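Peer 1: A single structure is presented below for examination.
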Amino acid sequence: MKKIYCNILLLLLISFWGYSQQNNIKVGLLGASIGSYNLGYEREITDASTMNLNVGYWNTNIGLVQPIYYFDRGEGVWLDQMKYGLTTSLEYRFYTGSNHAMKGLYLSPYLRFWNHSMVFQDYIENDQVPRQLFNIRTKLSSVGLGFQMGYQWLINDKVSIDWYFIGAGLERAFINASYVLASNNSFNYQLIEGDVREVFEGFGLLERNLMTRDDPERLKIELPVWMPGLRTGLSVGFAF
């Protein structure tokens with residue numbers, strides 16, 4: 001899926017590169033305080049349309065404000081570490097009511113990819129396993145399509161303020177996780193497979209799509225799922 005997304009992204013950029021007239025480099029503002037950094041590049045295609053590429057990096061360890069996650073330690077599954085994440089999106093923007101391709105209200109279909117890594121923890125105990133602590137090393141990724149609306153101000157044809165105030169779409173998400181005994185001792189992971197599956201009982205589609213596989217070093221979980229995608233943001237840039 002990642003390879004297909006990259007190929008589509010490359011073809012679109014090559015297709016429109018030769019028709020561009022004006023450029024705009026933008027920096028995201030809203031996420032920096034919590035470690036989410038975004039760089040955007042917009043390029044004019046016609047008098048009323050542009051291509052907009054965004055690339056972002058997320059690492060809450062270097063944010064000015066540390067997010068608060070409400071998980072009670074020792075109760076069910078809780079978050080232990082929020083690691084890094086990457087995101088990229090490609091938009092084709094149609095500007096309305098203006099003779100300038102980078103100014104005013106715009107409508108924009110978009111293609112987006114993101115991934116994120118984190119570590120959860122969980123205590124498991126059953127008839128064959130005494131109470132044991134497990135690390136759940138988790139990677140989330142998603143590819144999605146959507147549609148958004150926004151408004152861009154262009155001050156003196158140089159300084160841009162871009163506010164995409166609403167965006168929604170549909171994403172195909174993939175959850176890959178590994179249960180690993182925190183003590184790093186040898187363990188028969190078949191003994192906890194039933195406990196892990198119980199977490200998803202009663203959730204219909206999630207329960208049916210869940211795939212588990214054990215080996216001598218971990219219990220692996222794979223879960224593909226459809227989910228809604230939402231977008232909003234604010235950036236400032238320089239046009240040239």
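Just so we're on the same page: first chain in the structure tokens is A, next is B, and so on; residues restart at 1 for each chain, and ligands are numbered from 1 in the order they show up.
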Any idea what's packed within 7 Å of Pro109 in chain A, counting only C-alpha atoms, ignoring anything in its chain fewer than 5 positions away? Could you give it as a PyMOL selection string?
Peer 2: chain A and resi 91-92+146-148
Peer 1: Pick out each residue of range 14-181 of chain A that DSSP on the backbone tags as strand (DSSP E); I need them as a PyMOL selection string.
Peer 2: chain A and resi 23-28+36-46+49-59+77-95+104-124+132-155+159-181
Peer 1: Write out as a CSV table (one decimal) with N, CA and C atoms, in the first residue's frame the residues lying within 7 Å of range 41-56 of chain A, counting only C-alpha atoms and excluding same-chain residues fewer than 2 positions away.
Peer 2:
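Contents of result_32.csv, freshly written:
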```
chain,number,residue,atom,x,y,z
A,16,PHE,N,2.3,17.7,-13.2
A,16,PHE,CA,2.0,19.1,-13.1
A,16,PHE,C,3.2,20.0,-13.0
A,19,TYR,N,3.8,23.0,-15.5
A,19,TYR,CA,2.8,24.0,-15.8
A,19,TYR,C,2.8,25.0,-14.6
A,20,SER,N,3.7,24.9,-13.7
A,20,SER,CA,3.6,25.8,-12.5
A,20,SER,C,4.2,27.2,-12.8
A,21,GLN,N,3.6,28.1,-12.0
A,21,GLN,CA,4.1,29.5,-12.2
A,21,GLN,C,4.5,30.2,-10.9
A,22,GLN,N,3.8,29.9,-9.8
A,22,GLN,CA,4.2,30.5,-8.5
A,22,GLN,C,4.3,29.5,-7.5
A,23,ASN,N,5.1,29.7,-6.5
A,23,ASN,CA,5.4,28.8,-5.4
A,23,ASN,C,5.1,29.4,-4.0
A,24,ASN,N,4.9,28.5,-3.1
A,24,ASN,CA,4.5,29.0,-1.7
A,24,ASN,C,5.1,27.9,-0.7
A,25,ILE,N,6.0,28.4,0.1
A,25,ILE,CA,6.6,27.5,1.2
A,25,ILE,C,5.9,27.9,2.5
A,26,LYS,N,5.3,26.8,3.2
A,26,LYS,CA,4.5,27.1,4.4
A,26,LYS,C,5.0,26.3,5.6
A,37,TYR,N,5.4,18.9,13.7
A,37,TYR,CA,6.0,19.9,12.8
A,37,TYR,C,5.7,19.5,11.4
A,38,ASN,N,5.2,20.6,10.6
A,38,ASN,CA,4.7,20.4,9.3
A,38,ASN,C,5.3,21.4,8.3
A,39,LEU,N,5.7,20.9,7.2
A,39,LEU,CA,6.2,21.8,6.1
A,39,LEU,C,5.4,21.6,4.9
A,58,TRP,N,6.1,14.0,13.8
A,58,TRP,CA,5.5,14.1,15.1
A,58,TRP,C,6.4,13.4,16.1
A,86,LEU,N,5.1,10.1,11.2
A,86,LEU,CA,5.3,10.8,10.0
A,86,LEU,C,4.0,10.9,9.3
A,87,THR,N,3.8,12.0,8.5
A,87,THR,CA,2.6,12.1,7.8
A,87,THR,C,2.9,12.9,6.5
A,88,THR,N,2.2,12.6,5.4
A,88,THR,CA,2.3,13.4,4.2
A,88,THR,C,0.9,13.4,3.5
A,89,SER,N,0.7,14.5,2.8
A,89,SER,CA,-0.6,14.6,2.1
A,89,SER,C,-0.4,15.4,0.8
A,90,LEU,N,-1.2,15.1,-0.2
A,90,LEU,CA,-1.2,15.8,-1.5
A,90,LEU,C,-2.6,16.3,-1.8
A,91,GLU,N,-2.7,17.5,-2.1
A,91,GLU,CA,-4.0,18.1,-2.4
A,91,GLU,C,-4.0,18.8,-3.8
A,92,TYR,N,-5.2,18.8,-4.4
A,92,TYR,CA,-5.4,19.6,-5.6
A,92,TYR,C,-6.5,20.6,-5.3
A,93,ARG,N,-6.0,21.9,-5.2
A,93,ARG,CA,-6.9,22.9,-4.7
A,93,ARG,C,-7.6,23.7,-5.8
A,94,PHE,N,-8.9,23.9,-5.7
A,94,PHE,CA,-9.6,24.8,-6.6
A,94,PHE,C,-10.0,26.1,-5.9
A,95,TYR,N,-9.5,27.2,-6.3
A,95,TYR,CA,-9.8,28.5,-5.6
A,95,TYR,C,-11.0,29.1,-6.3
A,99,ASN,N,-9.2,35.7,-9.1
A,99,ASN,CA,-8.4,35.5,-10.2
A,99,ASN,C,-6.9,35.2,-9.9
A,100,HIS,N,-6.7,34.8,-8.6
A,100,HIS,CA,-5.4,34.5,-8.1
A,100,HIS,C,-5.4,33.0,-7.6
A,101,ALA,N,-4.5,32.2,-8.0
A,101,ALA,CA,-4.6,30.8,-7.7
A,101,ALA,C,-4.3,30.4,-6.3
```
Peer 1: For Arg218 in chain A, find every residue with an atom within 7 Å (counting only C-alpha atoms), except residues of its own chain fewer than 3 positions away, and show them as a list in words.
Peer 2: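 Surrounding residues, per the criterion: Ser178, Tyr179, Val180, Tyr189, Asp214 and Asp215 of chain A.
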Peer 1: Take the residues just selected and output them with C-alpha atoms as a PDB file, in the first residue's frame.
Peer 2:
```pdb
ATOM      1  CA  SER A 178       3.638  -7.263  19.245  1.00  0.00           C
ATOM      2  CA  TYR A 179       3.082  -8.493  22.799  1.00  0.00           C
ATOM      3  CA  VAL A 180       6.509  -9.009  24.406  1.00  0.00           C
ATOM      4  CA  TYR A 189       2.948 -16.807  23.791  1.00  0.00           C
ATOM      5  CA  ASP A 214       2.787 -16.348  17.931  1.00  0.00           C
ATOM      6  CA  ASP A 215       6.485 -17.154  17.673  1.00  0.00           C
TER       7      ASP A 215
END
```
Peer 1: Can you measure CA of Glu207 in chain A to CA of Arg112 in chain A for me? One decimal in Å is fine.
Peer 2: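 So the answer is 26.3 Å.
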Peer 1: Which residue is closest to Ile221 in chain A? Choose from A:Leu107, A:Ala177, A:Val77, A:Ile166 and count only C-alpha atoms.
Peer 2: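 Of the candidates, the smallest distance to Ile221 in chain A is held by A:Ala177.
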Peer 1: Using only C-alpha atoms, which residue out of A:Phe113, A:Gln128, A:Phe240, A:Glu222 lies closest to Asp157 in chain A?
Peer 2: A:Phe240
Peer 1: Point out the residue among A:Leu145, A:Leu234, A:Ala168, A:Ile136 with the least atom-to-atom distance to Val196 in chain A, counting only C-alpha atoms.
Peer 2: A:Ile136
Peer 1: As an exercise, work out the distance from CA of Arg131 in chain A to CA of His116 in chain A in Å and give it to one decimal place.
Peer 2: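 Spanning CA of Arg131 in chain A to CA of His116 in chain A is a straight-line distance of 29.2 Å.
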Peer 1: DSSP on the backbone, then: every residue of range 16-218 of chain A marked alpha helix (DSSP H), written as a ChimeraX atom specification.
Peer 2: /A:16-17,193-198,205-209
Peer 1: I want to know what sits within 12 Å of Arg172 in chain A, based on only C-alpha atoms, with residues of the same chain fewer than 6 positions away left out; could you give that as a PyMOL selection string?
Peer 2: chain A and resi 1-2+111-115+140-146+223-229
Peer 1: For a quick check of understanding, using only C-alpha atoms, which of A:Gln81, A:Ser117, A:Gln132, A:Ser36 has the smallest distance to Ala182 in chain A?
Peer 2: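 Among A:Gln81, A:Ser117, A:Gln132, A:Ser36, it is A:Gln132 that comes nearest to Ala182 in chain A.
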Peer 1: For the atom pair CA of Gly40 in chain A and CA of Ile161 in chain A, what is the interatomic distance in Å to one decimal place?
Peer 2: 12.0 Å
